[in-house]
Structures are given as structure tokens and as C-alpha cells.
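Q: CSV, C-alpha atoms, file my_file-v3.csv:
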```csv
chain,number,residue,atom,x,y,z
H,134,MET,CA,0.0,0.0,0.0
H,135,ASP,CA,1.2,3.5,-0.8
H,136,PRO,CA,2.0,5.1,2.6
H,137,GLY,CA,1.1,8.5,1.1
H,138,ALA,CA,-2.4,7.3,0.4
H,139,ASP,CA,-3.2,7.2,4.2
H,140,PRO,CA,-4.4,10.7,5.3
H,141,ARG,CA,-2.7,10.2,8.7
H,142,ASN,CA,0.7,9.6,7.0
H,143,ARG,CA,0.2,12.6,4.7
H,144,LEU,CA,-0.4,14.8,7.7
H,145,LEU,CA,2.7,13.4,9.4
H,146,MET,CA,4.8,14.1,6.3
H,147,LYS,CA,3.5,17.7,6.1
H,148,THR,CA,4.3,18.2,9.7
H,149,ILE,CA,7.8,17.0,9.3
H,150,LEU,CA,8.3,19.2,6.2
H,151,TYR,CA,7.0,22.3,8.0
H,152,ALA,CA,9.1,21.5,11.0
H,153,ALA,CA,12.2,21.2,8.7
H,154,LEU,CA,11.4,24.5,7.0
H,155,ALA,CA,10.9,26.3,10.3
H,156,GLY,CA,14.1,24.8,11.7
H,157,ALA,CA,16.0,26.1,8.7
H,158,THR,CA,15.1,29.7,9.4
H,159,LEU,CA,16.1,29.2,13.1
H,160,LEU,CA,19.6,28.1,12.2
H,161,PRO,CA,22.3,30.7,12.9
H,162,ALA,CA,23.2,32.9,9.9
H,163,GLN,CA,26.0,31.4,7.8
H,164,PRO,CA,29.3,33.4,8.1
H,165,THR,CA,29.9,35.7,5.1
H,166,LYS,CA,31.7,33.8,2.3
H,167,THR,CA,35.2,35.0,2.2
H,168,PRO,CA,36.5,36.0,-1.2
H,169,ASP,CA,39.2,34.2,-3.1
H,170,PHE,CA,41.8,36.8,-4.3
H,171,THR,CA,43.7,34.1,-6.3
H,172,GLY,CA,44.7,35.4,-9.7
H,173,VAL,CA,46.8,38.0,-11.4
H,174,TRP,CA,46.1,41.6,-10.7
H,175,GLY,CA,47.4,44.6,-12.7
H,176,PRO,CA,47.4,48.2,-11.5
H,177,PHE,CA,44.0,49.7,-12.1
H,178,THR,CA,44.9,52.9,-13.8
H,179,ALA,CA,48.2,52.1,-15.5
H,180,GLY,CA,49.4,49.9,-18.3
H,181,ARG,CA,47.1,46.9,-18.8
H,182,GLY,CA,44.6,48.4,-16.3
H,183,GLY,CA,42.6,51.4,-17.4
H,184,GLY,CA,39.5,50.6,-15.4
H,185,ASP,CA,36.2,52.4,-14.7
H,186,PRO,CA,37.0,55.7,-12.8
H,187,LYS,CA,34.1,55.0,-10.5
H,188,LEU,CA,36.0,52.1,-9.1
H,189,ALA,CA,39.2,54.0,-8.6
H,190,PRO,CA,40.7,54.2,-5.1
H,191,PRO,CA,40.1,57.3,-2.9
H,192,PRO,CA,43.0,59.8,-2.9
H,193,ALA,CA,45.9,59.1,-0.7
H,194,GLY,CA,46.1,60.7,2.8
H,195,GLN,CA,48.7,63.2,3.8
H,196,LEU,CA,52.2,62.0,4.8
H,197,VAL,CA,53.0,63.9,8.1
H,198,LEU,CA,56.5,63.2,9.5
H,199,LYS,CA,57.7,64.2,12.9
H,200,PRO,CA,59.7,67.4,12.5
H,201,GLU,CA,63.1,65.7,13.0
H,202,TYR,CA,62.3,63.3,10.1
H,203,ALA,CA,60.5,65.9,8.0
H,204,LYS,CA,63.6,68.1,7.5
H,205,PRO,CA,66.0,65.5,6.0
H,206,TYR,CA,63.1,63.9,4.0
H,207,GLU,CA,62.2,67.2,2.4
H,208,ALA,CA,65.9,68.0,1.8
H,209,ARG,CA,66.3,64.7,0.0
H,210,ARG,CA,63.1,65.3,-2.1
H,211,ALA,CA,64.5,68.8,-3.0
H,212,ALA,CA,67.8,67.3,-4.0
H,213,GLU,CA,66.0,64.8,-6.2
H,214,ALA,CA,64.0,67.5,-7.9
H,215,GLU,CA,67.1,69.5,-8.4
H,216,ALA,CA,68.9,66.6,-9.9
H,217,ASN,CA,65.9,65.9,-12.1
H,218,LYS,CA,66.1,69.4,-13.5
H,219,ARG,CA,69.8,68.8,-14.4
H,220,GLY,CA,68.7,65.6,-16.2
H,221,GLU,CA,70.1,63.3,-13.5
H,222,GLN,CA,68.6,60.8,-11.1
H,223,LEU,CA,70.0,60.3,-7.6
H,224,ALA,CA,70.8,56.8,-6.6
H,225,SER,CA,67.7,54.8,-5.5
H,226,SER,CA,67.3,51.2,-4.4
H,227,GLY,CA,65.2,50.3,-7.5
H,228,ALA,CA,67.9,51.6,-9.9
H,229,GLN,CA,70.3,49.2,-8.1
H,230,CYS,CA,68.0,46.2,-8.4
H,231,ILE,CA,67.5,46.1,-4.6
H,232,PRO,CA,64.0,44.7,-3.8
H,233,TYR,CA,61.3,47.2,-2.6
H,234,GLY,CA,59.8,45.1,0.1
H,235,VAL,CA,56.5,45.8,1.9
H,236,PRO,CA,54.5,47.9,1.1
H,237,THR,CA,56.2,49.4,-1.9
H,238,MET,CA,56.4,46.1,-3.9
H,239,MET,CA,52.6,46.3,-4.1
H,240,SER,CA,52.8,49.1,-6.6
H,241,VAL,CA,55.8,49.0,-8.9
H,242,ALA,CA,55.1,50.9,-12.2
H,243,VAL,CA,52.8,48.9,-14.4
H,244,TYR,CA,53.8,45.5,-13.1
H,245,PRO,CA,51.1,43.1,-11.9
H,246,VAL,CA,51.0,41.0,-8.8
H,247,GLU,CA,49.9,37.4,-8.6
H,248,ILE,CA,47.9,36.1,-5.5
H,249,ILE,CA,47.7,32.5,-4.6
H,250,GLN,CA,45.3,32.0,-1.7
H,251,THR,CA,44.5,28.9,0.4
H,252,ALA,CA,42.7,28.5,3.7
H,253,LYS,CA,46.0,28.9,5.5
H,254,GLN,CA,48.1,31.3,3.5
H,255,MET,CA,47.9,34.1,0.9
H,256,THR,CA,51.0,34.3,-1.2
H,257,ILE,CA,51.7,37.5,-3.2
H,258,ILE,CA,54.2,37.5,-6.0
H,259,SER,CA,55.1,40.8,-7.6
H,260,GLU,CA,56.3,40.5,-11.2
H,261,ALA,CA,58.8,43.3,-10.8
H,262,PHE,CA,61.9,41.8,-9.3
H,263,SER,CA,60.0,38.5,-8.5
H,264,GLU,CA,59.4,39.7,-5.0
H,265,VAL,CA,57.4,37.2,-2.8
H,266,ARG,CA,55.5,37.8,0.4
H,267,ARG,CA,53.5,35.3,2.5
H,268,VAL,CA,50.5,36.2,4.7
H,269,TYR,CA,49.7,33.5,7.2
H,270,LEU,CA,45.9,33.1,7.8
H,271,ASP,CA,45.9,30.5,10.5
H,272,ARG,CA,48.2,31.9,13.3
H,273,PRO,CA,48.7,35.0,15.4
H,274,GLN,CA,51.3,37.7,14.8
H,275,ALA,CA,54.7,37.2,16.6
H,276,PRO,CA,56.1,39.7,19.0
H,277,LEU,CA,58.2,42.3,17.2
H,278,GLU,CA,61.4,41.2,19.0
H,279,ASP,CA,61.0,37.7,17.4
H,280,VAL,CA,60.9,38.9,13.8
H,281,ALA,CA,64.2,39.4,12.1
H,282,PRO,CA,64.0,42.7,10.2
H,283,GLY,CA,63.7,42.1,6.4
H,284,TYR,CA,62.1,43.3,3.2
H,285,TYR,CA,58.8,41.5,3.8
H,286,GLY,CA,58.7,41.2,7.6
H,287,ARG,CA,56.1,38.9,9.0
H,288,SER,CA,52.5,39.1,7.8
H,289,VAL,CA,49.4,37.5,9.3
H,290,GLY,CA,45.8,38.0,8.1
H,291,LYS,CA,42.4,37.6,9.5
H,292,TRP,CA,38.9,38.1,8.0
H,293,ASP,CA,36.7,41.0,8.9
H,294,GLY,CA,33.6,40.0,7.0
H,295,ASP,CA,34.5,40.0,3.3
H,296,THR,CA,37.7,42.0,3.9
H,297,LEU,CA,41.1,40.4,4.6
H,298,VAL,CA,43.0,42.4,7.2
H,299,VAL,CA,46.7,41.9,7.0
H,300,ASP,CA,49.1,42.9,9.7
H,301,THR,CA,52.8,43.3,8.8
H,302,ILE,CA,55.7,44.0,11.2
H,303,GLY,CA,59.5,43.6,11.0
H,304,ILE,CA,60.4,45.7,7.9
H,305,LYS,CA,64.1,46.7,7.9
H,306,THR,CA,64.7,50.4,8.0
H,307,SER,CA,66.8,50.3,4.8
H,308,ALA,CA,63.8,49.0,2.8
H,309,SER,CA,62.4,51.9,0.7
H,310,GLY,CA,59.2,53.3,2.3
H,311,TYR,CA,56.2,55.0,0.8
H,312,ARG,CA,57.6,57.6,-1.5
H,313,GLY,CA,61.0,57.2,0.1
H,314,MET,CA,59.7,58.0,3.6
H,315,PRO,CA,61.9,57.0,6.5
H,316,HIS,CA,60.6,54.4,8.9
H,317,SER,CA,61.6,52.9,12.2
H,318,GLU,CA,61.7,49.2,13.2
H,319,LYS,CA,58.4,49.9,15.0
H,320,MET,CA,56.6,50.5,11.7
H,321,ARG,CA,53.3,48.5,11.5
H,322,ILE,CA,51.5,48.1,8.2
H,323,THR,CA,47.8,47.2,8.1
H,324,GLU,CA,46.3,46.3,4.8
H,325,ARG,CA,42.6,45.8,4.0
H,326,PHE,CA,42.1,43.6,0.9
H,327,LYS,CA,38.6,43.9,-0.5
H,328,MET,CA,37.0,42.8,-3.7
H,329,ILE,CA,35.1,45.9,-5.0
H,330,THR,CA,33.7,43.9,-8.0
H,331,PRO,CA,34.6,40.4,-9.0
H,332,ASP,CA,37.4,41.9,-11.2
H,333,VAL,CA,38.5,44.9,-9.1
H,334,MET,CA,40.4,44.6,-5.8
H,335,HIS,CA,41.4,47.4,-3.4
H,336,ASP,CA,44.3,47.2,-0.9
H,337,GLN,CA,44.0,50.0,1.6
H,338,ILE,CA,47.4,50.4,3.2
H,339,THR,CA,47.8,52.1,6.6
H,340,ILE,CA,51.4,52.8,7.7
H,341,ASP,CA,51.7,53.5,11.4
H,342,ASP,CA,55.1,54.4,12.9
H,343,PRO,CA,55.1,56.0,16.3
H,344,VAL,CA,58.7,57.0,16.0
H,345,VAL,CA,58.6,58.7,12.5
H,346,LEU,CA,55.0,59.6,11.8
H,347,GLU,CA,52.8,62.2,13.4
H,348,LYS,CA,49.8,60.3,12.2
H,349,PRO,CA,49.2,57.1,10.3
H,350,MET,CA,49.6,57.4,6.5
H,351,VAL,CA,46.8,55.9,4.5
H,352,TYR,CA,46.6,55.2,0.8
H,353,THR,CA,44.7,52.8,-1.3
H,354,LEU,CA,45.9,50.8,-4.3
H,355,ALA,CA,43.4,49.5,-6.9
H,356,TYR,CA,43.9,46.5,-9.1
H,357,LYS,CA,42.1,45.0,-12.1
H,358,ARG,CA,42.0,41.3,-12.7
H,359,LEU,CA,44.1,40.2,-15.6
H,360,PRO,CA,42.5,36.9,-16.7
H,361,ASN,CA,44.8,34.4,-18.4
H,362,TYR,CA,47.9,36.6,-17.9
H,363,GLU,CA,51.0,34.6,-17.5
H,364,MET,CA,53.6,36.3,-15.2
H,365,VAL,CA,56.8,37.2,-16.9
H,366,GLU,CA,60.1,36.1,-15.4
H,367,PHE,CA,62.0,39.0,-13.9
H,368,VAL,CA,65.6,38.4,-12.8
H,369,CYS,CA,67.6,41.5,-12.6
H,370,ASP,CA,70.8,40.1,-14.3
H,371,ASN,CA,71.5,42.9,-16.8
H,372,ASN,CA,71.4,46.1,-14.8
H,373,ARG,CA,73.3,48.6,-16.9
H,374,GLU,CA,72.4,51.5,-14.6
H,375,TYR,CA,75.2,52.4,-12.2
H,376,VAL,CA,75.8,55.1,-9.7
H,377,ASP,CA,78.7,57.4,-10.4
H,378,GLU,CA,80.9,59.1,-7.9
H,379,LYS,CA,78.4,62.0,-7.5
H,380,GLY,CA,75.6,59.6,-6.6
H,381,VAL,CA,73.9,60.0,-10.0
H,382,VAL,CA,72.4,57.1,-11.9
H,383,ARG,CA,74.0,56.6,-15.3
H,384,MET,CA,73.6,54.0,-18.1
H,385,ARG,CA,76.5,51.9,-19.2
H,386,VAL,CA,76.7,52.3,-23.0
H,387,LYS,CA,79.3,49.7,-23.7
S,28,MET,CA,35.9,66.3,-24.4
S,29,LYS,CA,34.6,63.8,-21.9
S,30,SER,CA,37.4,61.4,-22.6
S,31,ARG,CA,40.0,64.1,-22.2
S,32,LEU,CA,38.6,64.8,-18.7
S,33,LEU,CA,38.8,61.1,-17.9
S,34,ASN,CA,42.4,61.1,-19.1
S,35,VAL,CA,43.1,64.0,-16.8
S,36,LEU,CA,41.4,62.2,-13.9
S,37,ALA,CA,43.3,59.0,-14.7
S,38,PHE,CA,46.6,60.9,-14.8
S,39,ALA,CA,45.7,62.6,-11.5
S,40,ALA,CA,45.0,59.2,-10.0
S,41,LEU,CA,48.4,58.0,-11.2
S,42,LEU,CA,50.1,60.9,-9.5
S,43,ALA,CA,48.2,60.1,-6.3
S,44,ILE,CA,49.6,56.6,-5.8
S,45,PRO,CA,53.2,55.7,-5.5
S,46,VAL,CA,54.3,54.3,-8.8
S,47,LEU,CA,57.9,53.3,-9.1
S,48,ALA,CA,59.9,52.3,-12.0
S,49,HIS,CA,63.4,50.8,-12.1
S,50,HIS,CA,64.8,54.3,-12.7
S,51,SER,CA,63.6,57.6,-14.0
S,52,PHE,CA,64.1,58.6,-17.6
S,53,THR,CA,65.8,62.0,-16.8
S,54,MET,CA,69.1,60.8,-18.3
S,55,PHE,CA,67.4,60.8,-21.8
S,56,ASP,CA,66.5,64.0,-23.7
S,57,THR,CA,62.8,63.3,-24.2
S,58,THR,CA,62.4,66.6,-26.0
S,59,LYS,CA,64.6,65.3,-28.8
S,60,GLN,CA,63.9,62.4,-31.2
S,61,ILE,CA,66.6,61.1,-33.5
S,62,THR,CA,66.4,58.3,-36.1
S,63,ILE,CA,69.3,55.8,-36.5
S,64,THR,CA,69.6,53.0,-39.0
S,65,GLY,CA,72.1,50.2,-38.7
S,66,THR,CA,72.9,46.6,-38.1
S,67,VAL,CA,72.0,44.8,-34.8
S,68,THR,CA,75.0,43.3,-33.0
S,69,GLU,CA,73.0,41.9,-30.1
S,70,PHE,CA,69.4,41.9,-28.8
S,71,GLN,CA,69.3,41.6,-25.1
S,72,TRP,CA,65.9,40.4,-23.9
S,73,THR,CA,66.7,41.0,-20.2
S,74,ASN,CA,65.7,42.6,-16.9
S,75,PRO,CA,65.5,45.2,-15.6
S,76,HIS,CA,65.7,46.5,-19.2
S,77,SER,CA,66.1,45.1,-22.7
S,78,TYR,CA,68.7,46.6,-25.1
S,79,ILE,CA,69.4,46.8,-28.7
S,80,GLU,CA,73.1,46.9,-29.5
S,81,ILE,CA,73.5,48.4,-32.9
S,82,ASP,CA,76.3,49.5,-35.3
S,83,VAL,CA,75.3,52.7,-37.1
S,84,PRO,CA,77.3,54.0,-40.1
S,85,ASP,CA,77.6,57.8,-40.5
S,86,GLU,CA,77.6,59.7,-43.8
S,87,GLY,CA,81.3,58.9,-44.3
S,88,GLY,CA,80.7,55.2,-43.7
S,89,ALA,CA,82.5,55.2,-40.3
S,90,ILE,CA,80.7,52.9,-37.8
S,91,LYS,CA,79.6,54.1,-34.5
S,92,HIS,CA,78.2,51.7,-31.9
S,93,TRP,CA,75.0,52.6,-30.0
S,94,ALA,CA,73.3,51.0,-27.0
S,95,ILE,CA,69.5,51.6,-27.0
S,96,GLU,CA,67.6,51.0,-23.8
S,97,MET,CA,64.0,49.6,-23.9
S,98,GLY,CA,61.5,48.6,-21.3
S,99,SER,CA,61.6,45.2,-19.5
S,100,PRO,CA,60.3,42.1,-21.4
S,101,SER,CA,57.0,42.4,-19.5
S,102,ILE,CA,56.5,45.9,-20.7
S,103,LEU,CA,57.7,45.3,-24.2
S,104,GLN,CA,55.3,42.4,-24.8
S,105,GLN,CA,52.5,44.9,-24.3
S,106,SER,CA,53.8,46.6,-27.5
S,107,GLY,CA,53.8,43.2,-29.3
S,108,TRP,CA,57.5,42.5,-28.9
S,109,LYS,CA,58.9,38.9,-28.7
S,110,PHE,CA,62.3,37.8,-27.5
S,111,ASN,CA,63.3,36.8,-31.1
S,112,ASN,CA,62.1,39.8,-33.0
S,113,LEU,CA,65.7,41.0,-33.6
S,114,LYS,CA,68.9,39.1,-34.0
S,115,LYS,CA,72.5,39.7,-34.8
S,116,GLY,CA,72.9,41.0,-38.4
S,117,ASP,CA,69.3,42.4,-38.8
S,118,LYS,CA,69.0,45.8,-40.3
S,119,THR,CA,66.7,48.1,-38.3
S,120,THR,CA,65.7,51.7,-38.0
S,121,LEU,CA,65.2,53.0,-34.5
S,122,VAL,CA,63.6,56.3,-33.3
S,123,ILE,CA,65.2,57.2,-30.0
S,124,ASN,CA,65.5,59.8,-27.3
S,125,PRO,CA,69.3,60.3,-27.0
S,126,LEU,CA,71.3,60.4,-23.8
S,127,LYS,CA,71.7,64.0,-22.5
S,128,ASP,CA,75.4,63.5,-21.8
S,129,GLY,CA,76.1,63.0,-25.6
S,130,ARG,CA,77.4,59.4,-25.4
S,131,PRO,CA,76.0,57.1,-28.1
S,132,GLY,CA,73.0,55.7,-26.2
S,133,GLY,CA,69.3,56.4,-26.0
S,134,PHE,CA,65.9,55.2,-25.1
S,135,LEU,CA,63.7,53.5,-27.7
S,136,ASN,CA,60.5,55.2,-29.0
S,137,SER,CA,59.9,52.8,-31.9
S,138,ALA,CA,61.7,50.2,-34.0
S,139,THR,CA,61.1,49.1,-37.6
S,140,LEU,CA,61.6,45.4,-37.7
S,141,PRO,CA,63.1,43.6,-40.8
S,142,ASP,CA,59.6,42.5,-41.7
S,143,GLY,CA,58.4,46.1,-41.8
S,144,ARG,CA,56.4,46.1,-38.6
S,145,VAL,CA,56.9,49.1,-36.3
S,146,LEU,CA,56.8,48.4,-32.6
S,147,GLY,CA,56.8,50.8,-29.7
S,148,ASN,CA,58.3,50.6,-26.2
S,149,GLY,CA,55.5,49.7,-23.9
S,150,PRO,CA,52.4,51.6,-22.8
S,151,GLY,CA,52.4,55.2,-23.9
S,152,ARG,CA,55.6,54.9,-26.0
S,153,GLY,CA,55.2,54.5,-29.7
S,154,PRO,CA,52.8,52.2,-31.6
S,155,GLN,CA,50.7,49.9,-29.4
S,156,LYS,CA,49.8,46.3,-29.9
```
Could you write out this file's structure as C-alpha cells?

A:
Amino acid sequence: MDPGADPRNRLLMKTILYAALAGATLLPAQPTKTPDFTGVWGPFTAGRGGGDPKLAPPPAGQLVLKPEYAKPYEARRAAEAEANKRGEQLASSGAQCIPYGVPTMMSVAVYPVEIIQTAKQMTIISEAFSEVRRVYLDRPQAPLEDVAPGYYGRSVGKWDGDTLVVDTIGIKTSASGYRGMPHSEKMRITERFKMITPDVMHDQITIDDPVVLEKPMVYTLAYKRLPNYEMVEFVCDNNREYVDEKGVVRMRVK
Amino acid sequence: MKSRLLNVLAFAALLAIPVLAHHSFTMFDTTKQITITGTVTEFQWTNPHSYIEIDVPDEGGAIKHWAIEMGSPSILQQSGWKFNNLKKGDKTTLVINPLKDGRPGGFLNSATLPDGRVLGNGPGRGPQK
């Protein structure tokens, strides 16, 4: 006999169905699905980018250095501008093929970055100079005194809804800072990675340095997805730029 | 008109973010363009820059060697370049910004390949892909 034919059975089945539906609505809300940033990302406004201006990042905040750091910084910028007028460039780490490190490697000219994301780690590879940084997603930040100062320091990330918040410490003071700004070993960088659309990503970067900065410096980088792009090898083995005795960058002709 | 405004905005956005290159181009005289024609002695498809080494005869027939800087391979491929577009012995004509210090070197604007194609030097420099 068909059990559904018995009206008592039908009532029971309906009751079970309603109970299941009611139960579903009582379940706690599912956590927001975290985005997967995996892919190759080019700068939004330069080179291969050229995205919709409505999705462009907000303007950068102001860089306010403490007076004792502002003076030499401004003197250096003035010397660079002066050299520029003479048709010369003062020595910089990039011209000598020294890596940029965090956060500068996130925006080198028109070069893209590749992100490989798993549950435990986000790995970021910059095409320029093949720089690599690793963001651990499954562990806490280490105390500053346990991190050997380097170009990439130590980065950990945690989710704030659909935004990945990355904390970086341990950047060596010789690594070039935002627009050449000086920084101390106490510099802390907080990045907020967020997908603005499925093909546009923002990285809001906050540089905090209680020794050097009057207030945190905030700027946002925007990227556009480059589907199918294959990263190009970048080994700096033919650097023909050299620094002369006056500290000026020149090109070796022969 | 609208697109010009967008260009201005895009440029302003570029200025607002820290964009670094391997080095600035101040050593080259970008107000001056010269054309050289000669024979390639080596095509270096390398980082941080690629180079065309080229022997250029003057009116009297005397050979002068030039080194012409280009973008990196990543940047050049955006203008349609491949690693094997030039080889030793190829005849080519290059439009360049010469070095300000007068030495025989420069920065590529465009190159005419042996097959007649004209290629630029990355975004915003010369013909685009």
C-alpha cells in the first residue's frame, strides 16, 4: 500500500516538512563567504589596467612626518627634484635592483601581482623583481622582538567579513618606504584587501610608525583582474644602470 | 571632451599613488627624437631592461656603436615584442631619445623590424599592440 495514500501519513509528512522549514530559518546565519583573491592583478589605472574611474581608489592621505624626520626627508626630495632638472637621477634602491619590500612592492610601475590563496596562506608575488610575500591566515602575529627585520617582515591575516585584514611588522629600516619616507623598526602596516567587484580589488594600506610619523599614513591601491595573464620572469641580471661618484644614476653604454 | 577629462582624472589618480619604475628617464632627452639605422649586433631580452646593441654608419661610412635601452620584457610584450624579434645581423631603424650626456646611447621610442612592422616601447611609447 502507498503510505502517502493514508491521510494520517500525509499529515505526518506535512508536519515533518514544515518543521524542517521552520528549523532552517532558526539556524544561525552562515558566516559571510570570504572572497578568493587568487589570480593575477594589474594596476587599475596604468598599463594593462585602465578601469572604470568610479571604481578607482580614494585619494591618498597626507604624509606627516615628525619634525626631526620631515627636514631630512624634504631636503632629499628637493635634491632629487634639483637633480631631475639637471637631467640626473640620484641613486635609489630600485635603480640598483634592490628589492622594494612591503609595502612598496605592491605598486611598482605597471607590473602586476599574482595572488595564490589557500585557507592557511595568501602568497603575493610581484612581477617586478619577482618579490614574494607570505601572509599566514591561521596563526597570530609574533612579538616584534621575534621577527628578524627584512624586506617582507612577517604578515598575518584575518577576516573581517569580506575583507582580509593583513598585519605586517619587521620591515628593515633600509627598505624603501612609501615615496621614500623613512621608517623605524616599529613600523606597522595594516592592509585591508577587498573585492570591489569580481574583477576589481582594493588594498587599503595604513602605515603606522610611532617614531617617525605624526599620524598614520593611509593610501589605497586598486587592481584590475588580468584573466589568463602569465607572469613574466624578472631576474635583474642585466642592470646597466650604475651610480657614479656623485651619486647620480647613469647608463653603461658599452 | 569627456574622454579628455577622464584622461586628466586617470593621470591625477596615477600621481596620487606611489608608482615606481626601475629608474627615472631623466638621463634621456625626451624633447629630442633622432632616427638611427644600422645593423643589430645583439638583442638583449633581459631585466630590468632590454637593449638593442647596434652599429650605425655615419655619412662617411664610419661605424659608431649605439646602445639603446628599452622597457623590460613584461613591458615590451605589451607593445607586441617577442624575444626573437631581432637578431644579430638584422637591419633596423630606431627612433630614440638620445642620452643627454652625448654618449651614443638612447631610449627607444619605436623600431622598424626587418619584416616592416613598427613596434613601440611599452604603454604610452610608440605604436601599441

Q: Restricting the calculation to all atoms listed in the file: of S:Asn111, S:Ser106, S:Ser51, S:Asn148, which residue gets closest to chain H?

A: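 Of the candidates, the smallest distance to chain H is held by S:Ser51.
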
Q: Based on all atoms listed in the file, which of the residues in chain H come within 6 Å of chain S? I want them as an NGL selection string.

A: :H and (180 or 220-221 or 227-228 or 240-242 or 365 or 367-369 or 371 or 386)

Q: Please provide as a PyMOL selection string all residues within 10 Å of Thr62 (chain S), with the sequence filter that same-chain residues fewer than 6 positions apart are discarded (counting all atoms listed in the file).

A: chain S and resi 120-125+136-138

Q: How far is it from CA of Met384 (chain H) to CA of Val246 (chain H), in Å with one decimal?

A: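 Taking CA of Met384 (chain H) and CA of Val246 (chain H), their separation equals 27.7 Å.
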
Q: Around all of region 77-91 of chain S's listed atoms, make the axis-aligned box with 4 Å on each side and tell me centre and edge lengths in Å to one decimal, as lines of an AutoDock Vina configuration file.

A:
```
center_x = 74.3
center_y = 52.4
center_z = -33.5
size_x = 24.4
size_y = 22.6
size_z = 29.6
```

Q: In terms of the shortest atom-to-atom distance over only C-alpha atoms, which of H:Thr301, H:Ala355, H:Lys387, H:Ala211 is closest to Asp82 (chain S)?

A: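 Looking only at the distances to Asp82 (chain S), the closest residue turns out to be H:Lys387.
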
Q: May I have the residues within 8 Å of Gly286 (chain H) as an NGL selection string, using only C-alpha atoms and disregarding those fewer than 2 positions away in the same chain?

A: :H and (235 or 280-284 or 288 or 301-305)

Q: So that I can see what lies close to Thr171 (chain H), please list as a list in words the residues with an atom at most 9 Å from it, counting only C-alpha atoms and leaving out residues fewer than 2 positions away in the same chain.

A: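 The residues satisfying every condition are Asp169, Val173, Glu247, Ile248, Ile249, Gln250, Thr251, Met255 and Thr256 of chain H.
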
Q: Select, counting all atoms listed in the file, all protein, DNA and RNA residues no farther than 12 Å from (64.3, 57.1, 3.7) in file coordinates, and express the selection as a list of chain:residue names.

A: H:Leu198, H:Tyr202, H:Ala203, H:Lys204, H:Pro205, H:Tyr206, H:Glu207, H:Ala208, H:Arg209, H:Arg210, H:Ser225, H:Ser226, H:Lys305, H:Thr306, H:Ser307, H:Ala308, H:Ser309, H:Gly310, H:Tyr311, H:Arg312, H:Gly313, H:Met314, H:Pro315, H:His316, H:Ser317, H:Val345

Q: Select, from S:Leu135, S:Val67, S:Leu113, S:Val83, the residue with the minimum atom-to-atom distance to Gly153 (chain S), counting all atoms listed in the file.

A: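 Nearest to Gly153 (chain S): S:Leu135.
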
Q: Which of these, H:Pro273, H:Pro360, H:Gly234, H:Pro200, has the shortest distance to Asp300 (chain H) once you count all atoms listed in the file?

A: H:Pro273
